[in-house]
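Working notes, structure below.
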Amino acid sequence: MRFIEEVVVDEFLPTVRSMLAEDLRERGFTQLEVADALGISQSAVSKYAAGDVARHDRIVADERVRELVERVGEGLASGDLTPVAALVEIEVLIRQLEEGDLLADLHEEAMPALADADVEFSVHDPDSGLRERERVLTSVRRGLRTLTNASGFAGLIPNVGANVAECLADAATVDDVAAVPGRLVDVKGRAMVPGEPEFGVSEHVATVLLAAREAGADVRGAVNLRYEPETVDTLGADHPTVEFDAERPTREAVADAVAAADLPASGDAETLVLYQTGAVGVEPIVYVLAPTAADATRIVRGLI
């Protein structure tokens, strides 16, 4: 009797770890850095590098496995993927390959009686809420890197600070929105990020994003900027723009303004620029909304 998990442990994981170790070494990682990234010992990395760990040819040849290794290697090297996010990506592919696919075939070869049984069974559900959350966090990280690497972005940060946010597909509250804890601030001409993105840490930008979605805007990412009439004009040349009243409660004002706006496709918009021109004690702000946080930051970078 051999379980499919044994196929994963004995054949799939050693092959993928070996491929990932090789990929990261080619990206300039030291053996210690590879060991830390993969959660294995340096001696194991040495064995992978020396070819002392056998790879399964069919797993190596599978295009999905090769694409996964490249994507995870790039994400770990750039910082877009945390080890948790990398683990989730690998786990999802494992579950997919277990369902009547490569790993299921290898399992049947190891247990011929399975093929003769003529039964279908679902080993695991590949859909994962954790995977979506990690992908949202990755998008926010990518967006932050886009802005903080851009010379001149600090000049677009309002006095209250900027933020980069993205929500889950079924977001209902601020706890479903990932953003930077605190806010990005201008420190001597450089945008400073106070911490890693988290869920539930943005009250204001998250509220604007959720309100726009409730009113029909098909957006999940957002960035807020310093208000300048020229900024709105420039963004308005390519994207729908909507003004809302800063003297009203934000969620209510945004929802009403977006619902009343003449947006494409009966209110749906892939990108949207919201702005308010200020009130007593309220700084004027521009919000760039897009399908993802990374998309929104690319739009903002075009202003620099």
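To be explicit about the labels: the chains of the structure tokens are called A, B, and onward in the order shown, and within each one the residues are counted from 1, while ligands get numbers from 1 in the order they are shown.
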Test item: residues at most 9 Å from segment 233-243 of chain A, only C-alpha atoms, excluding those fewer than 5 positions along its chain, as a PyMOL selection string: chain A and resi 228+254+257-258+261-264+269-277+288+299-300+303
Pick out the residues sitting within 9 Å of Pro291 of chain A, and hand them over as a count of residues only; count only C-alpha atoms, and ignore anything fewer than 4 positions along from it in its own chain. 11
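Atom CA of Thr207 of chain A is found 12.7 Å from atom CA of Val164 of chain A.
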Among segment 101-279 of chain A, which residues carry a DSSP assignment of alpha helix (DSSP H), reported as a ChimeraX atom specification? /A:102-110,112-117,129-148,204-214,229-236,250-260
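Closest approach to Ala37 of chain A from the set A:Leu168, A:Ala211, A:Leu20, A:Ile4 is made by A:Leu20, with distances taken over only C-alpha atoms.
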Skipping near chain neighbours, those fewer than 6 positions away, what residues fall within 12 Å of Ala260 of chain A using only C-alpha atoms, listed as a count of residues only? 11
Can you tell me, as number ranges by chain, what residues are no more than 9 Å from Arg27 of chain A when counting only C-alpha atoms, ignoring any on the same chain fewer than 4 positions away? A: 22-23, 73-74, 77
All heavy atoms of the current selection, written as a PDB file, in the first residue's frame:
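So part_25.pdb came out as:
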```pdb
ATOM      1  N   GLU A  22      18.422  25.246  -7.357  1.00  0.00           N
ATOM      2  CA  GLU A  22      19.210  25.598  -8.531  1.00  0.00           C
ATOM      3  C   GLU A  22      18.814  26.960  -9.073  1.00  0.00           C
ATOM      4  O   GLU A  22      19.667  27.783  -9.426  1.00  0.00           O
ATOM      5  CB  GLU A  22      19.018  24.535  -9.608  1.00  0.00           C
ATOM      6  CG  GLU A  22      19.810  24.789 -10.879  1.00  0.00           C
ATOM      7  CD  GLU A  22      19.577  23.721 -11.928  1.00  0.00           C
ATOM      8  OE1 GLU A  22      18.405  23.329 -12.132  1.00  0.00           O
ATOM      9  OE2 GLU A  22      20.551  23.284 -12.547  1.00  0.00           O
ATOM     10  N   ASP A  23      17.501  27.221  -9.128  1.00  0.00           N
ATOM     11  CA  ASP A  23      17.010  28.502  -9.634  1.00  0.00           C
ATOM     12  C   ASP A  23      17.517  29.661  -8.766  1.00  0.00           C
ATOM     13  O   ASP A  23      17.998  30.683  -9.276  1.00  0.00           O
ATOM     14  CB  ASP A  23      15.478  28.491  -9.654  1.00  0.00           C
ATOM     15  CG  ASP A  23      14.894  29.788 -10.173  1.00  0.00           C
ATOM     16  OD1 ASP A  23      14.750  30.735  -9.388  1.00  0.00           O
ATOM     17  OD2 ASP A  23      14.570  29.864 -11.378  1.00  0.00           O
ATOM     18  N   GLY A  73      10.770  31.208  -7.671  1.00  0.00           N
ATOM     19  CA  GLY A  73      12.146  31.681  -7.552  1.00  0.00           C
ATOM     20  C   GLY A  73      12.235  33.183  -7.737  1.00  0.00           C
ATOM     21  O   GLY A  73      12.909  33.878  -6.965  1.00  0.00           O
ATOM     22  N   GLU A  74      11.529  33.703  -8.744  1.00  0.00           N
ATOM     23  CA  GLU A  74      11.538  35.146  -8.985  1.00  0.00           C
ATOM     24  C   GLU A  74      10.900  35.892  -7.827  1.00  0.00           C
ATOM     25  O   GLU A  74      11.396  36.930  -7.393  1.00  0.00           O
ATOM     26  CB  GLU A  74      10.792  35.462 -10.282  1.00  0.00           C
ATOM     27  CG  GLU A  74      10.748  36.948 -10.618  1.00  0.00           C
ATOM     28  CD  GLU A  74       9.994  37.229 -11.906  1.00  0.00           C
ATOM     29  OE1 GLU A  74       9.583  36.256 -12.560  1.00  0.00           O
ATOM     30  OE2 GLU A  74       9.836  38.412 -12.253  1.00  0.00           O
ATOM     31  N   ALA A  77      13.203  35.897  -4.800  1.00  0.00           N
ATOM     32  CA  ALA A  77      14.368  36.750  -5.045  1.00  0.00           C
ATOM     33  C   ALA A  77      14.012  38.231  -4.972  1.00  0.00           C
ATOM     34  O   ALA A  77      14.788  39.045  -4.459  1.00  0.00           O
ATOM     35  CB  ALA A  77      14.986  36.415  -6.398  1.00  0.00           C
TER      36      ALA A  77
END
```
